[in-house]
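Engineer: Provided herewith is a single structure, encoded as structure tokens, for subsequent inquiry.
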Amino acid sequence: MKNFPLKLASALVLGVAMLGGTASAQYPERPVNMVVPFSAGGPTDTVARSLAEAMRPSLGETVVVENKGGAGGTIGVTQVARSKPDGHTILLMHIGFSTAQSLYKNPGYTSDSFDPIGLVLDVPMTIIARSDFPANDIKELVEYIKANPDKVSLANAGIGAASQLCGTMLTSAIGVDLLTVPYKGTGPAMNDLLGKQVDIMCDQTTNTSQHIKAGTVKAYAVTSKERVPTLPDLPTMQESGYDGFEVGIWHGMWAPKGTPQPVLDKLQAALKAGLADKAFQDRMAGLGANLLPDRANPEALTAHVNQQVPQWAELFKKAGIEPQ
Ligand code: ASP
């Protein structure tokens, strides 16, 4: 009887370890929820829905995309940070994961609220306008904005969104303040641009490519270093005389902090398998996205986030942008 507590303690430890082991071994036990912190029908959603399909065979379960937009993405990101860390809720987010950390005093999460799964892909931005906007090229666009700053509205997906970052880069390069119209994602923003209710927007090629090709929006430039092969007629901002105007929208995948390692391993394997899926590769290439299979691992995502968070914090500080 004397060593009963000790025996009980070790039995408990063993029991818990076995339970943990069993739960992880059976993962996933039900469909996996992939949270996209922006509206349905937008660029992040487009990537997520394709990737969800491509990850399914490896996971052996359906991946369901859940759109949780608002506050530049921080509402959805925070929701995942607070979810049960069992692998059944994961996050697909982009560069905003790092910028929001210095744009908000309290974004609701930090990089440490998550276990990284890996980088996914990188997407260029395009500067576009409603189809009947008076400017026909980037030079005319800048001239028009400078001459009519209080007539031009700029759509974005809220503070912390990629469209807000790129839009701010544009307005500060031109030296004007524009009326901004925030949405829960650039999906609904695009609908309003197509409906001619807003004037201009800076948005990912994963949302704009089809409209640029169809001529339902006007496009002026891409924000990548090189031209985008699928949109060869669009000049880069650098070519257009805006030195250093370069931004790529990297996307990553995370799980809530404390997710068991075997579960994380399965998710990482599924991400790798997804990126190797031919249909996914073709779809993304057609939308101008560059897959990052060599960096689809936790180490690469951690290193990238650790570089991006202080880089943006410093840039915003230099630009006099205060956290709100
Ligand atoms: N990528 C976001 C979306 O999917 C919008 C943004 O970041 O600007 O709607």
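Ordered as shown in the structure tokens, chains take letters A, B, and onward, while each chain numbers its residues from 1 and ligands are numbered from 1 in the order shown.
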If the limit is 9 Å from any atom of ligand 1, counting only C-alpha atoms and all ligand atoms, which residues qualify? Return them as number ranges by chain.
Structural biologist: A: 36-47, 69, 72-73, 93-96, 156-166, 183-189, 202-204, 206-207, 249
Engineer: From region 48-227 of chain A, collect each residue whose DSSP state is strand (DSSP E) and return the set as a PyMOL selection string.
Structural biologist: chain A and resi 63-67+89-94+114-130+153-156+179-182+200-204+217-222
Engineer: Compile the contact shell of Thr171 (chain A) as a VMD selection string: residues with an atom at most 10 Å away, counting only C-alpha atoms, same-chain residues fewer than 5 positions apart removed.
Structural biologist: chain A and resid 142 145 to 146 149 154 166 176 to 178
Engineer: Output all heavy atoms for every residue in the selection just made, as a compact mmCIF listing (two decimals), in the first residue's frame.
Structural biologist:
```txt
# COMPACT_ATOMS: atom_id res chain seq x y z
N VAL A 142 -1.95 57.60 -61.62
CA VAL A 142 -1.33 58.47 -60.62
C VAL A 142 -1.73 59.92 -60.86
O VAL A 142 -2.09 60.64 -59.92
CB VAL A 142 0.21 58.28 -60.63
CG1 VAL A 142 0.89 59.31 -59.73
CG2 VAL A 142 0.57 56.86 -60.19
N ILE A 145 -5.37 60.37 -59.76
CA ILE A 145 -5.52 60.36 -58.29
C ILE A 145 -5.01 61.68 -57.70
O ILE A 145 -5.64 62.27 -56.82
CB ILE A 145 -4.78 59.15 -57.67
CG1 ILE A 145 -5.47 57.85 -58.07
CG2 ILE A 145 -4.73 59.27 -56.15
CD1 ILE A 145 -4.79 56.59 -57.59
N LYS A 146 -3.85 62.12 -58.20
CA LYS A 146 -3.28 63.38 -57.68
C LYS A 146 -4.21 64.56 -57.93
O LYS A 146 -4.35 65.44 -57.09
CB LYS A 146 -1.93 63.66 -58.36
CG LYS A 146 -0.78 62.94 -57.67
CD LYS A 146 0.54 63.43 -58.24
CE LYS A 146 1.70 62.83 -57.49
NZ LYS A 146 2.95 62.96 -58.23
N PRO A 149 -7.99 63.64 -55.58
CA PRO A 149 -7.87 62.73 -54.42
C PRO A 149 -9.19 62.51 -53.68
O PRO A 149 -9.42 61.44 -53.13
CB PRO A 149 -6.83 63.41 -53.52
CG PRO A 149 -6.76 64.83 -53.98
CD PRO A 149 -7.14 64.83 -55.43
N LEU A 154 -10.86 53.76 -52.47
CA LEU A 154 -9.93 52.62 -52.48
C LEU A 154 -10.53 51.51 -51.61
O LEU A 154 -10.74 51.69 -50.41
CB LEU A 154 -8.58 53.08 -51.90
CG LEU A 154 -7.52 52.05 -51.60
CD1 LEU A 154 -6.97 51.42 -52.88
CD2 LEU A 154 -6.36 52.67 -50.81
N CYS A 166 -0.91 46.97 -49.47
CA CYS A 166 -0.54 47.39 -50.83
C CYS A 166 -1.17 48.75 -51.17
O CYS A 166 -0.53 49.60 -51.79
CB CYS A 166 -0.98 46.31 -51.80
SG CYS A 166 -0.58 46.64 -53.50
N VAL A 176 -0.87 60.84 -51.33
CA VAL A 176 -2.24 61.29 -51.11
C VAL A 176 -2.94 60.39 -50.09
O VAL A 176 -2.48 59.28 -49.81
CB VAL A 176 -3.11 61.23 -52.40
CG1 VAL A 176 -2.67 62.25 -53.41
CG2 VAL A 176 -3.12 59.83 -52.99
N ASP A 177 -4.03 60.91 -49.54
CA ASP A 177 -4.89 60.11 -48.67
C ASP A 177 -6.18 59.87 -49.43
O ASP A 177 -6.75 60.83 -49.95
CB ASP A 177 -5.23 60.90 -47.40
CG ASP A 177 -4.36 60.47 -46.24
OD1 ASP A 177 -3.86 59.33 -46.28
OD2 ASP A 177 -4.20 61.29 -45.32
N LEU A 178 -6.64 58.64 -49.52
CA LEU A 178 -7.88 58.38 -50.25
C LEU A 178 -8.94 57.87 -49.28
O LEU A 178 -8.62 57.33 -48.22
CB LEU A 178 -7.66 57.32 -51.33
CG LEU A 178 -6.72 57.68 -52.48
CD1 LEU A 178 -6.67 56.52 -53.47
CD2 LEU A 178 -7.18 58.95 -53.20
```
Engineer: Taking the DSSP secondary structure from the backbone, can you list the residues of region 7-237 of chain A that are alpha helix (DSSP H), as a PyMOL selection string?
Structural biologist: chain A and resi 7-26+43-59+74-81+96-103+138-147+162-174+186-194+205-214
Engineer: Which is closer to Arg130 (chain A) than all the others in A:Ala81, A:Tyr144, A:Leu194, A:Ala155, using only C-alpha atoms?
Structural biologist: A:Leu194
Engineer: Contacts of Leu59 (chain A) at 8 Å or less, counting only C-alpha atoms, minus same-chain residues fewer than 6 places along, as a PyMOL selection string?
Structural biologist: chain A and resi 28+266-267+270
Engineer: Grab the residues selected above and save them as a short mmCIF file (atom, residue, chain, number, x, y, z; two decimals), in the first residue's frame with N, CA and C atoms.
Structural biologist:
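What follows is the written file again_27.cif:
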```
data_model
loop_
_atom_site.label_atom_id
_atom_site.label_comp_id
_atom_site.auth_asym_id
_atom_site.auth_seq_id
_atom_site.Cartn_x
_atom_site.Cartn_y
_atom_site.Cartn_z
N PRO A 28 -7.04 12.17 -38.60
CA PRO A 28 -8.19 12.93 -38.12
C PRO A 28 -9.40 12.05 -37.89
N LYS A 266 1.30 14.79 -39.52
CA LYS A 266 0.31 14.40 -40.55
C LYS A 266 -0.12 15.61 -41.37
N LEU A 267 -0.31 16.73 -40.69
CA LEU A 267 -0.73 17.94 -41.40
C LEU A 267 0.37 18.41 -42.34
N ALA A 270 0.40 16.23 -45.31
CA ALA A 270 -0.75 16.52 -46.17
C ALA A 270 -0.53 17.82 -46.95
#
```
Engineer: Give me the residues near Ser224 (chain A) as a list in words, where near means some atom within 8 Å (using only C-alpha atoms) and where sequence neighbours in that chain fewer than 4 positions away do not count.
Structural biologist: Pro124, Met125, Val228, Thr236, Met237, Glu246, Val247 and Gly248 of chain A
Engineer: Okay, now the selection with N, CA, C and O atoms, as a PDB file, in the first residue's frame?
Structural biologist:
```pdb
ATOM      1  N   PRO A 124       1.569  37.464 -56.242  1.00  0.00           N
ATOM      2  CA  PRO A 124       1.748  38.888 -56.519  1.00  0.00           C
ATOM      3  C   PRO A 124       0.438  39.647 -56.370  1.00  0.00           C
ATOM      4  O   PRO A 124      -0.637  39.053 -56.430  1.00  0.00           O
ATOM      5  N   MET A 125       0.553  40.966 -56.194  1.00  0.00           N
ATOM      6  CA  MET A 125      -0.624  41.828 -56.142  1.00  0.00           C
ATOM      7  C   MET A 125      -0.740  42.565 -57.474  1.00  0.00           C
ATOM      8  O   MET A 125       0.262  42.767 -58.173  1.00  0.00           O
ATOM      9  N   VAL A 228       4.397  38.875 -64.219  1.00  0.00           N
ATOM     10  CA  VAL A 228       3.725  37.607 -63.955  1.00  0.00           C
ATOM     11  C   VAL A 228       3.486  36.906 -65.297  1.00  0.00           C
ATOM     12  O   VAL A 228       2.851  37.491 -66.184  1.00  0.00           O
ATOM     13  N   THR A 236       5.664  45.824 -64.093  1.00  0.00           N
ATOM     14  CA  THR A 236       5.869  45.808 -62.637  1.00  0.00           C
ATOM     15  C   THR A 236       5.857  47.257 -62.164  1.00  0.00           C
ATOM     16  O   THR A 236       6.015  48.189 -62.962  1.00  0.00           O
ATOM     17  N   MET A 237       5.696  47.455 -60.868  1.00  0.00           N
ATOM     18  CA  MET A 237       5.731  48.820 -60.326  1.00  0.00           C
ATOM     19  C   MET A 237       7.143  49.401 -60.488  1.00  0.00           C
ATOM     20  O   MET A 237       7.298  50.591 -60.740  1.00  0.00           O
ATOM     21  N   GLU A 246       7.676  46.697 -54.098  1.00  0.00           N
ATOM     22  CA  GLU A 246       7.629  45.271 -54.381  1.00  0.00           C
ATOM     23  C   GLU A 246       7.051  44.568 -53.164  1.00  0.00           C
ATOM     24  O   GLU A 246       7.533  44.764 -52.049  1.00  0.00           O
ATOM     25  N   VAL A 247       6.019  43.791 -53.370  1.00  0.00           N
ATOM     26  CA  VAL A 247       5.479  43.023 -52.246  1.00  0.00           C
ATOM     27  C   VAL A 247       4.836  41.737 -52.758  1.00  0.00           C
ATOM     28  O   VAL A 247       4.132  41.741 -53.765  1.00  0.00           O
ATOM     29  N   GLY A 248       5.183  40.652 -52.098  1.00  0.00           N
ATOM     30  CA  GLY A 248       4.618  39.340 -52.437  1.00  0.00           C
ATOM     31  C   GLY A 248       3.790  38.873 -51.259  1.00  0.00           C
ATOM     32  O   GLY A 248       4.165  39.082 -50.098  1.00  0.00           O
TER      33      GLY A 248
END
```
Engineer: Considering only C-alpha atoms, state which residue in the set A:Val64, A:Leu287, A:Met55, A:Ala255 is at the smallest distance from Arg82 (chain A).
Structural biologist: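 That would be A:Ala255, the residue with the smallest distance to Arg82 (chain A).
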Engineer: Using only C-alpha atoms, pick whichever of A:Val181, A:Leu193, A:Leu103, A:Ala71 has the shortest atom-to-atom distance to Ile128 (chain A).
Structural biologist: A:Leu193
Engineer: As an exercise, work out the distance from CA of Phe280 (chain A) to CA of Thr208 (chain A) in Å and give it to one decimal place.
Structural biologist: 18.0 Å
